[in-house]
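Asker: CSV, C-alpha atoms and all ligand atoms, saved as query_29.csv, coming up:
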```csv
chain,number,residue,atom,x,y,z
A,142,MET,CA,71.3,-50.7,122.9
A,143,GLN,CA,70.4,-53.1,120.2
A,144,LEU,CA,72.7,-54.2,117.4
A,145,LEU,CA,71.0,-52.9,114.3
A,146,LEU,CA,72.5,-55.7,112.2
A,147,ASP,CA,70.4,-58.2,114.2
A,148,LEU,CA,67.2,-56.9,112.5
A,149,HIS,CA,65.7,-58.2,109.3
A,150,PRO,CA,66.0,-55.4,106.7
A,151,ASP,CA,62.2,-55.1,106.6
A,152,ALA,CA,62.2,-54.4,110.4
A,153,TYR,CA,64.8,-51.6,110.2
A,154,PRO,CA,63.8,-48.4,111.9
A,155,LEU,CA,62.6,-45.4,109.9
A,156,GLU,CA,60.0,-45.5,107.2
A,157,GLY,CA,59.9,-45.6,103.4
A,158,PHE,CA,62.7,-43.6,101.6
A,159,ARG,CA,64.6,-42.9,104.8
A,160,ARG,CA,64.7,-46.6,105.7
A,161,ARG,CA,66.1,-47.3,102.2
A,162,GLN,CA,68.7,-44.7,102.8
A,163,LEU,CA,69.7,-46.2,106.1
A,164,LEU,CA,70.0,-49.7,104.6
A,165,GLU,CA,72.1,-48.2,101.8
A,166,TRP,CA,74.5,-46.6,104.3
A,167,VAL,CA,74.9,-49.9,106.1
A,168,PHE,CA,75.1,-52.4,103.3
A,169,VAL,CA,76.1,-50.5,100.2
A,170,HIS,CA,78.5,-47.9,101.7
A,171,GLY,CA,79.4,-50.0,104.7
A,172,ALA,CA,79.2,-47.0,107.1
A,173,ALA,CA,80.8,-47.8,110.4
A,174,ASP,CA,79.0,-45.1,112.3
A,175,PHE,CA,75.6,-43.3,112.2
A,176,SER,CA,77.5,-40.0,112.1
A,177,ALA,CA,78.7,-40.8,108.6
A,178,MET,CA,75.1,-41.1,107.3
A,179,THR,CA,75.0,-37.5,106.0
A,180,SER,CA,71.8,-37.8,104.0
A,181,LEU,CA,69.9,-38.4,107.2
A,182,SER,CA,69.2,-35.4,109.4
A,183,ALA,CA,71.3,-34.8,112.5
A,184,GLY,CA,68.2,-35.5,114.7
A,185,VAL,CA,67.6,-38.9,113.1
A,186,ARG,CA,71.2,-39.8,113.4
A,187,ALA,CA,71.3,-38.9,117.0
A,188,GLU,CA,68.1,-40.9,117.7
A,189,LEU,CA,69.5,-43.9,115.9
A,190,SER,CA,72.8,-43.8,117.8
A,191,GLU,CA,70.9,-43.6,121.1
A,192,GLN,CA,69.0,-46.8,120.4
A,193,TYR,CA,71.2,-48.8,118.2
A,194,THR,CA,74.8,-49.8,117.7
A,195,LEU,CA,76.4,-50.7,114.4
A,196,ASN,CA,79.5,-52.5,115.6
A,197,PRO,CA,79.3,-56.0,117.1
A,198,PHE,CA,83.0,-56.2,117.9
A,199,ARG,CA,85.3,-55.0,120.6
A,200,SER,CA,88.4,-55.4,118.5
A,201,ILE,CA,89.6,-57.0,115.2
A,202,GLU,CA,93.0,-58.4,114.3
A,203,THR,CA,94.1,-59.6,110.9
A,204,VAL,CA,96.7,-62.1,109.7
A,205,ARG,CA,97.6,-61.8,106.0
A,206,SER,CA,98.7,-64.9,104.1
A,207,THR,CA,101.2,-64.8,101.3
A,208,ASP,CA,98.5,-66.3,99.0
A,209,GLY,CA,96.3,-63.3,99.5
A,210,SER,CA,93.8,-64.7,102.0
A,211,VAL,CA,93.3,-62.8,105.1
A,212,LYS,CA,92.2,-64.2,108.5
A,213,TYR,CA,90.1,-61.9,110.7
A,214,LEU,CA,90.0,-62.6,114.4
A,215,PHE,CA,87.1,-60.8,116.1
A,216,THR,CA,86.7,-60.2,119.8
A,217,LEU,CA,83.1,-59.8,120.8
A,218,PRO,CA,82.0,-57.5,123.6
A,219,ASP,CA,82.0,-60.4,126.1
A,220,GLY,CA,85.6,-61.1,125.3
A,221,ARG,CA,85.0,-64.3,123.3
A,222,GLN,CA,86.6,-64.7,119.9
A,223,MET,CA,85.8,-66.1,116.5
A,224,GLU,CA,87.1,-65.8,113.0
A,225,ALA,CA,86.3,-65.1,109.3
A,226,VAL,CA,88.5,-65.6,106.3
A,227,TYR,CA,88.6,-63.4,103.2
A,228,MET,CA,89.7,-65.1,100.0
A,229,PRO,CA,90.2,-62.7,97.1
A,230,TYR,CA,90.9,-65.1,94.3
A,231,LEU,CA,90.5,-64.1,90.6
A,232,ASP,CA,87.2,-62.5,90.2
A,233,ARG,CA,85.6,-64.3,93.1
A,234,LYS,CA,85.9,-62.4,96.4
A,235,THR,CA,84.8,-65.0,98.9
A,236,ILE,CA,84.3,-64.8,102.6
A,237,CYS,CA,84.0,-67.7,105.1
A,238,VAL,CA,82.0,-66.7,108.2
A,239,SER,CA,81.5,-68.2,111.6
A,240,THR,CA,78.2,-68.9,113.2
A,241,MET,CA,79.4,-69.8,116.7
A,242,VAL,CA,82.3,-69.2,119.0
A,243,GLY,CA,83.9,-72.6,119.0
A,244,CYS,CA,81.9,-75.6,118.0
A,245,PRO,CA,80.1,-78.5,119.7
A,246,ALA,CA,80.8,-80.9,116.9
A,247,LYS,CA,84.3,-81.6,118.1
A,248,CYS,CA,85.7,-82.9,114.8
A,249,ALA,CA,89.0,-84.4,115.8
A,250,PHE,CA,91.1,-82.8,113.0
A,251,CYS,CA,89.6,-79.3,113.5
A,252,ALA,CA,91.2,-76.6,115.6
A,253,THR,CA,87.8,-75.2,116.4
A,254,GLY,CA,86.6,-78.6,117.6
A,255,ALA,CA,89.5,-78.5,120.1
A,256,LEU,CA,88.2,-75.2,121.4
A,257,GLY,CA,84.9,-76.6,122.5
A,258,PHE,CA,81.6,-74.6,122.3
A,259,GLY,CA,81.5,-71.0,123.5
A,260,ARG,CA,78.2,-69.6,122.4
A,261,ASN,CA,76.0,-69.1,119.3
A,262,LEU,CA,76.5,-65.9,117.4
A,263,THR,CA,73.6,-63.6,116.6
A,264,ALA,CA,72.6,-62.9,113.0
A,265,GLY,CA,74.1,-59.4,113.4
A,266,GLU,CA,77.4,-60.9,114.6
A,267,VAL,CA,77.5,-63.1,111.5
A,268,VAL,CA,76.6,-60.2,109.1
A,269,GLY,CA,78.9,-57.9,111.0
A,270,GLN,CA,81.8,-60.2,109.9
A,271,ILE,CA,81.1,-59.3,106.2
A,272,LEU,CA,80.9,-55.6,106.8
A,273,ALA,CA,84.1,-55.6,108.9
A,274,VAL,CA,86.0,-57.6,106.3
A,275,ALA,CA,84.8,-55.3,103.5
A,276,ARG,CA,85.9,-52.3,105.6
A,277,GLY,CA,89.3,-53.9,106.4
A,278,GLU,CA,89.9,-54.6,102.7
A,279,GLY,CA,88.8,-51.2,101.6
A,280,ILE,CA,86.0,-52.6,99.3
A,281,ALA,CA,82.3,-52.2,99.2
A,282,PRO,CA,80.4,-54.9,101.1
A,283,ARG,CA,78.6,-55.9,97.9
A,284,GLU,CA,81.9,-56.7,96.3
A,285,LEU,CA,81.9,-59.8,98.5
A,286,ARG,CA,79.8,-61.9,96.2
A,287,ASN,CA,80.5,-65.5,97.5
A,288,LEU,CA,79.9,-66.6,101.0
A,289,VAL,CA,80.3,-69.9,102.9
A,290,PHE,CA,79.0,-70.6,106.3
A,291,MET,CA,82.0,-72.7,106.9
A,292,GLY,CA,84.0,-71.0,109.7
A,293,MET,CA,83.6,-71.7,113.4
A,294,GLY,CA,80.5,-73.6,114.4
A,295,GLU,CA,77.7,-75.8,113.1
A,296,PRO,CA,75.3,-73.5,111.4
A,297,LEU,CA,72.3,-75.9,111.7
A,298,LEU,CA,72.7,-75.9,115.5
A,299,ASN,CA,72.4,-72.1,115.4
A,300,TYR,CA,69.5,-72.4,113.0
A,301,ASP,CA,67.4,-69.3,113.5
A,302,ALA,CA,70.3,-66.9,113.6
A,303,THR,CA,71.9,-68.5,110.6
A,304,MET,CA,68.6,-68.3,108.6
A,305,LEU,CA,68.1,-64.7,109.5
A,306,ALA,CA,71.7,-63.9,108.5
A,307,ALA,CA,71.1,-65.7,105.2
A,308,ARG,CA,68.0,-63.6,104.6
A,309,ILE,CA,69.9,-60.4,105.3
A,310,LEU,CA,72.6,-61.6,102.9
A,311,LEU,CA,70.1,-62.2,100.1
A,312,HIS,CA,67.8,-59.3,100.7
A,313,PRO,CA,67.9,-56.9,97.7
A,314,LEU,CA,68.1,-53.8,100.0
A,315,ALA,CA,70.8,-55.4,102.2
A,316,LEU,CA,73.7,-57.3,100.7
A,317,GLY,CA,71.8,-58.5,97.7
A,318,MET,CA,73.9,-61.8,97.3
A,319,SER,CA,72.8,-64.4,94.8
A,320,LYS,CA,71.5,-67.6,96.5
A,321,ARG,CA,73.7,-69.6,94.2
A,322,ARG,CA,76.7,-68.0,95.8
A,323,VAL,CA,75.9,-68.7,99.4
A,324,THR,CA,76.7,-72.2,100.8
A,325,LEU,CA,75.9,-73.6,104.2
A,326,SER,CA,78.3,-76.3,105.3
A,327,THR,CA,77.1,-78.7,107.9
A,328,VAL,CA,78.7,-81.7,109.7
A,329,GLY,CA,75.6,-83.6,108.6
A,330,LEU,CA,72.5,-83.1,110.8
A,331,PRO,CA,69.5,-84.8,109.0
A,332,LYS,CA,66.8,-82.8,110.9
A,333,GLY,CA,68.5,-79.5,110.1
A,334,ILE,CA,69.1,-80.5,106.4
A,335,ARG,CA,65.3,-81.3,106.0
A,336,ARG,CA,64.4,-78.0,107.7
A,337,LEU,CA,66.8,-76.1,105.4
A,338,ALA,CA,65.2,-77.8,102.4
A,339,ALA,CA,61.8,-76.5,103.5
A,340,GLU,CA,63.1,-72.8,103.5
A,341,ASP,CA,61.9,-72.4,100.0
A,342,ASP,CA,62.5,-68.6,99.8
A,343,LEU,CA,66.2,-69.2,100.6
A,344,GLY,CA,67.5,-71.8,98.1
A,345,ILE,CA,71.1,-71.5,99.3
A,346,LYS,CA,73.5,-74.3,98.6
A,347,LEU,CA,74.3,-77.2,100.9
A,348,ALA,CA,77.7,-78.8,101.7
A,349,ILE,CA,77.9,-81.8,103.9
A,350,SER,CA,81.2,-82.6,105.8
A,351,LEU,CA,81.1,-86.3,105.4
A,352,HIS,CA,84.8,-87.0,105.8
A,353,ALA,CA,84.3,-90.8,105.8
A,354,PRO,CA,82.0,-93.3,104.1
A,355,ASP,CA,82.0,-95.8,107.0
A,356,GLU,CA,80.6,-95.4,110.5
A,357,GLU,CA,83.8,-96.5,112.4
A,358,THR,CA,86.1,-94.0,110.6
A,359,ARG,CA,83.5,-91.2,110.7
A,360,GLN,CA,83.0,-91.5,114.4
A,361,ARG,CA,86.7,-91.5,115.0
A,362,ILE,CA,87.0,-88.2,113.0
A,363,ILE,CA,83.7,-86.7,114.3
A,364,PRO,CA,83.1,-88.0,117.8
A,365,THR,CA,79.6,-86.6,117.9
A,366,ALA,CA,78.7,-88.4,114.6
A,367,HIS,CA,77.2,-91.4,116.4
A,368,ALA,CA,74.0,-89.4,116.8
A,369,ASN,CA,73.3,-89.6,113.1
A,370,THR,CA,74.1,-92.5,110.9
A,371,ILE,CA,75.6,-92.1,107.4
A,372,GLN,CA,72.5,-93.7,106.0
A,373,GLU,CA,70.3,-91.1,107.7
A,374,ILE,CA,72.5,-88.2,106.4
A,375,MET,CA,72.4,-89.6,102.9
A,376,ALA,CA,68.6,-90.0,103.1
A,377,SER,CA,68.3,-86.3,104.1
A,378,ALA,CA,70.6,-85.2,101.3
A,379,ARG,CA,68.5,-87.1,98.8
A,380,GLU,CA,65.4,-85.4,100.3
A,381,TYR,CA,67.1,-82.0,100.1
A,382,GLN,CA,67.8,-82.6,96.4
A,383,ALA,CA,64.3,-83.9,95.7
A,384,VAL,CA,62.8,-80.7,97.3
A,385,THR,CA,65.3,-78.1,96.1
A,386,GLY,CA,66.6,-79.6,92.8
A,387,ARG,CA,70.1,-78.6,94.0
A,388,ARG,CA,73.3,-80.4,93.7
A,389,VAL,CA,74.8,-81.4,97.1
A,390,THR,CA,78.5,-80.9,97.8
A,391,PHE,CA,80.3,-83.3,100.1
A,392,GLU,CA,83.4,-82.1,101.9
A,393,TYR,CA,86.1,-84.7,102.6
A,394,ALA,CA,89.2,-83.8,104.6
A,395,MET,CA,92.0,-86.2,103.5
A,396,LEU,CA,93.7,-87.7,106.6
A,397,ARG,CA,96.6,-89.9,106.1
A,398,GLY,CA,95.9,-93.6,106.8
A,399,VAL,CA,92.5,-92.7,108.3
A,400,ASN,CA,90.0,-92.1,105.5
A,401,ASP,CA,92.1,-92.0,102.4
A,402,GLN,CA,92.1,-95.7,101.5
A,403,LEU,CA,90.8,-97.0,98.2
A,404,TRP,CA,88.1,-99.1,99.7
A,405,GLN,CA,86.8,-95.9,101.2
A,406,ALA,CA,86.7,-94.2,97.9
A,407,GLU,CA,84.7,-97.2,96.5
A,408,LEU,CA,82.3,-97.0,99.4
A,409,LEU,CA,81.9,-93.3,99.0
A,410,ALA,CA,81.1,-93.7,95.3
A,411,ASP,CA,78.5,-96.3,96.3
A,412,LEU,CA,76.9,-93.9,98.7
A,413,LEU,CA,76.7,-91.1,96.1
A,414,ARG,CA,75.1,-93.3,93.4
A,415,GLY,CA,72.0,-91.6,92.0
A,416,LEU,CA,72.6,-88.3,93.8
A,417,VAL,CA,73.7,-85.2,91.8
A,418,SER,CA,76.7,-84.4,93.9
A,419,HIS,CA,80.2,-83.0,94.0
A,420,VAL,CA,83.0,-84.2,96.2
A,421,ASN,CA,85.6,-81.7,97.5
A,422,LEU,CA,88.8,-83.5,98.6
A,423,ILE,CA,90.5,-81.2,101.1
A,424,PRO,CA,94.2,-81.9,101.9
A,425,MET,CA,94.1,-81.5,105.7
A,426,ASN,CA,95.7,-78.3,107.0
A,427,PRO,CA,98.0,-79.7,109.7
A,428,TRP,CA,98.1,-77.9,113.0
A,429,GLU,CA,100.0,-78.6,116.1
A,430,GLY,CA,98.4,-81.1,118.4
A,431,SER,CA,95.8,-82.3,115.9
A,432,GLY,CA,97.2,-85.9,115.9
A,433,PHE,CA,96.4,-86.2,112.2
A,434,GLU,CA,98.6,-85.8,109.1
A,435,GLU,CA,97.6,-84.9,105.6
A,436,SER,CA,97.4,-87.6,103.0
A,437,SER,CA,100.4,-88.0,100.6
A,438,GLU,CA,100.0,-86.4,97.2
A,439,GLN,CA,100.1,-89.9,95.7
A,440,GLN,CA,97.3,-91.2,97.9
A,441,LEU,CA,95.2,-88.1,97.2
A,442,GLN,CA,95.6,-88.7,93.5
A,443,ALA,CA,94.8,-92.4,93.8
A,444,PHE,CA,91.7,-91.6,95.9
A,445,TYR,CA,90.6,-88.9,93.3
A,446,ASP,CA,91.1,-91.3,90.4
A,447,ALA,CA,89.1,-94.1,92.1
A,448,LEU,CA,86.2,-91.7,92.6
A,449,GLU,CA,86.4,-90.3,89.1
A,450,GLN,CA,86.5,-93.8,87.5
A,451,ARG,CA,83.3,-94.5,89.3
A,452,GLY,CA,81.6,-91.5,87.8
A,453,VAL,CA,81.8,-89.2,90.9
A,454,GLU,CA,82.3,-85.5,90.2
A,455,VAL,CA,85.3,-84.6,92.3
A,456,SER,CA,87.8,-81.8,92.8
A,457,VAL,CA,90.7,-81.1,95.1
A,458,ARG,CA,90.3,-77.9,97.2
A,459,ARG,CA,93.6,-76.7,98.5
A,460,SER,CA,93.5,-74.8,101.8
A,461,ARG,CA,94.3,-71.1,101.5
A,462,GLY,CA,96.3,-69.2,103.9
A,463,ARG,CA,98.3,-72.0,105.4
A,464,ASP,CA,100.8,-69.5,106.7
A,465,ALA,CA,98.0,-67.5,108.3
A,466,GLY,CA,96.5,-70.4,110.2
A,467,ALA,CA,93.8,-71.1,107.7
A,468,ALA,CA,92.1,-74.1,109.3
A,469,CYS,CA,89.2,-72.7,111.1
A,470,GLY,CA,89.9,-72.1,114.8
A,471,GLN,CA,93.6,-72.1,114.4
A,472,LEU,CA,94.0,-68.4,115.0
A,473,ALA,CA,91.7,-68.4,118.0
A,474,LEU,CA,93.4,-71.5,119.3
A,475,LYS,CA,96.7,-69.6,119.5
A,476,GLN,CA,95.2,-66.9,121.7
A,477,PRO,CA,95.8,-67.0,125.4
A,478,GLY,CA,92.7,-68.6,127.0
A,479,ALA,CA,91.8,-70.0,123.6
A,480,GLY,CA,89.1,-67.5,123.0
A,481,VAL,CA,85.8,-69.3,123.6
A,482,SER,CA,85.1,-68.3,127.2
A,483,ALA,CA,83.8,-64.9,128.2
A,484,SER,CA,86.0,-62.3,129.8
A,485,ALA,CA,85.4,-58.9,131.1
B,501,LIG,S1,85.0,-79.0,111.2
B,501,LIG,FE1,83.3,-77.6,111.4
B,501,LIG,S2,81.7,-78.8,112.5
B,501,LIG,FE2,83.7,-79.8,112.8
B,501,LIG,S3,84.4,-79.0,114.8
B,501,LIG,FE3,85.3,-77.8,113.1
B,501,LIG,S4,83.9,-76.0,112.9
B,501,LIG,FE4,82.8,-77.7,114.0
```
Take the structure in this file and express it as structure tokens.
Answerer:
Amino acid sequence: MQLLLDLHPDAYPLEGFRRRQLLEWVFVHGAADFSAMTSLSAGVRAELSEQYTLNPFRSIETVRSTDGSVKYLFTLPDGRQMEAVYMPYLDRKTICVSTMVGCPAKCAFCATGALGFGRNLTAGEVVGQILAVARGEGIAPRELRNLVFMGMGEPLLNYDATMLAARILLHPLALGMSKRRVTLSTVGLPKGIRRLAAEDDLGIKLAISLHAPDEETRQRIIPTAHANTIQEIMASAREYQAVTGRRVTFEYAMLRGVNDQLWQAELLADLLRGLVSHVNLIPMNPWEGSGFEESSEQQLQAFYDALEQRGVEVSVRRSRGRDAGAACGQLALKQPGAGVSASA
């Protein structure tokens, strides 16, 4: 049995009009089962269900936050677990999806990093998160108009599956998302960033989790960061911008006494000079055992002001769903066995 969602829309079974009908059932109506596809003949439905499956998940649990965000914990057929978060704010229904079970980047402040690496997700397991969330929320899949590859995992280390998932998201006969509303968030892998820049049919947005402007602090926060210097990352961001013409976002988790000092704001502003960029300051979402604390409001404001005074475009992005364990990996971390290893 093959997961249908792993296919590029142009490779879907059936021909012509019937293929369009099939795509419409999957991505417009969000059908969970071939038997629901009543415009296809019973014979075609039976053939499809013999060869393909539509459901990548063994089970799905949800945790609803008082701020409206909903965390989805997916258990895959091999027993491993990963998460997506639905954020229905104002007119922007946004979903944050995972590209891996766990993550090899091991960022010290991140609950997913503490889980370690389980495995890469397939494109269908990424796209399946969107369809499952739409179903869970009782909305059409295409109502989810904003997507961030910012859940569990480093998307550029699961490159092919992430690119295929992105192409399914953007395909007009699939989810039909706008490339301006799809953002890939990376820990900062120069080779992957250059590769992404060259995907000229995609044009999705790039966010780099910098988290510190100096090597010592960055390597403390992201132990795997020694493989790529900040200079190399910034050079690849500049190349990305030169090729795509797109603004680059920098994510910066504010950690008390670690990366929130004013000299670091000055250094960050120096790094960004000449680059069309935006900095998101993210008050850290504390979780038990992380060893980090969030910056004080006063320090956050001082850091913000220091950047703004130096001409940096900056905003503060408050974490959603704190009471639902919003930091990625928090929910899986609470599961017995921590969710990244396979089970029967
Ligand atoms: S912050 Fe992102 S890149 Fe870092 S460990 Fe967590 S999921 Fe991986």
Asker: Would you give me, as a tab-separated table, each residue of chain A having an atom within 6 Å of an atom of ligand LIG 501 (chain B), along with its shortest atom pair and that distance in Å to one decimal, using all atoms listed in the file and sorting by chain and residue number?
Answerer:
```
residue	atom	partner	partner_atom	distance
A:Cys244	CA	B:LIG501	FE4	4.6
A:Ala246	CA	B:LIG501	S3	4.6
A:Lys247	CA	B:LIG501	S3	4.2
A:Cys248	CA	B:LIG501	S3	4.1
A:Cys251	CA	B:LIG501	FE3	4.6
A:Thr253	CA	B:LIG501	FE3	4.9
A:Gly254	CA	B:LIG501	S3	3.6
A:Gly292	CA	B:LIG501	S4	5.9
A:Met293	CA	B:LIG501	S4	4.3
A:Gly294	CA	B:LIG501	S4	4.4
A:Glu295	CA	B:LIG501	S2	5.0
A:Val328	CA	B:LIG501	S2	5.0
```
Asker: Which distance in Å separates atom CA of Leu288 of chain A and atom CA of Val242 of chain A, to one decimal?
Answerer: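 The value is 18.3 Å.
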Asker: Can you tell me, as an MDAnalysis selection string, what residues are no more than 12 Å from Arg161 of chain A when counting only C-alpha atoms, ignoring any on the same chain fewer than 3 positions away?
Answerer: chainID A and resid 150:158 164:169 180:181 313:315
Asker: What's the separation between atom CA of Leu408 of chain A and atom CA of Ser377 of chain A, in Å to one decimal place?
Answerer: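 Going from atom CA of Leu408 of chain A over to atom CA of Ser377 of chain A, I get 18.2 Å.
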Asker: Could you pull the residues within 12 Å of segment 448-454 of chain A, counting only C-alpha atoms, minus those fewer than 5 positions along the same chain, as a PyMOL selection string?
Answerer: chain A and resi 388-391+401-422+441-443
Asker: Ranking A:Phe215, A:Phe433, A:Tyr381, A:Phe444 by minimum distance to Gln270 of chain A and counting only C-alpha atoms, which one comes first?
Answerer: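 The shortest atom-to-atom distance to Gln270 of chain A comes from A:Phe215.
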Asker: Identify, on the basis of all atoms listed in the file, every residue whose closest approach to Gly430 of chain A does not exceed 10 Å; exclude the query and any residue fewer than 2 positions from it along the same chain; express the result as a PyMOL selection string.
Answerer: chain A and resi 250+252+255+427-428+432-433
Asker: Counting only C-alpha atoms, which of A:Val238, A:Leu351, A:Val457, A:Val268 gets nearest to Met223 of chain A?
Answerer: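 Of A:Val238, A:Leu351, A:Val457, A:Val268, the one nearest Met223 of chain A is A:Val238, counting only C-alpha atoms.
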Asker: For Arg260 of chain A, find every residue with an atom within 12 Å (counting only C-alpha atoms), except residues of its own chain fewer than 3 positions away, and show them as a ChimeraX atom specification.
Answerer: /A:217,219-223,239-245,256-257,263,266,293-295,298-299,480-483
Asker: Between atom CA of Gly171 of chain A and atom CA of Arg283 of chain A, what is the distance, to one decimal in Å?
Answerer: 9.0 Å
Asker: Can you work out which one of A:Ile362, A:Ala225, A:Leu337, A:Leu214 has the shortest atom-to-atom distance to Tyr300 of chain A, counting all atoms listed in the file?
Answerer: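 Smallest distance to Tyr300 of chain A is found for A:Leu337.
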Asker: So which residues touch segment 232-237 of chain A within 10 Å, counting only C-alpha atoms, skipping near sequence neighbours fewer than 5 positions away, as a list in words?
Answerer: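 Result of the neighbour search: Ser210, Val211, Lys212, Glu224, Ala225, Val226, Tyr227, Gln270, Ile271, Val274, Ala275, Arg283, Glu284, Leu285, Arg286, Asn287, Leu288, Val289, Phe290, Met291, Gly292, Met293, Arg322, Val323, Thr324 and Cys469 of chain A.
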Asker: Name the closest residue to Gln439 of chain A among the candidates A:Met395, A:Ala264, A:Met178, A:Ala172; distances are taken between atoms, counting all atoms listed in the file.
Answerer: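 Ranking A:Met395, A:Ala264, A:Met178, A:Ala172 by distance to Gln439 of chain A, first place goes to A:Met395.
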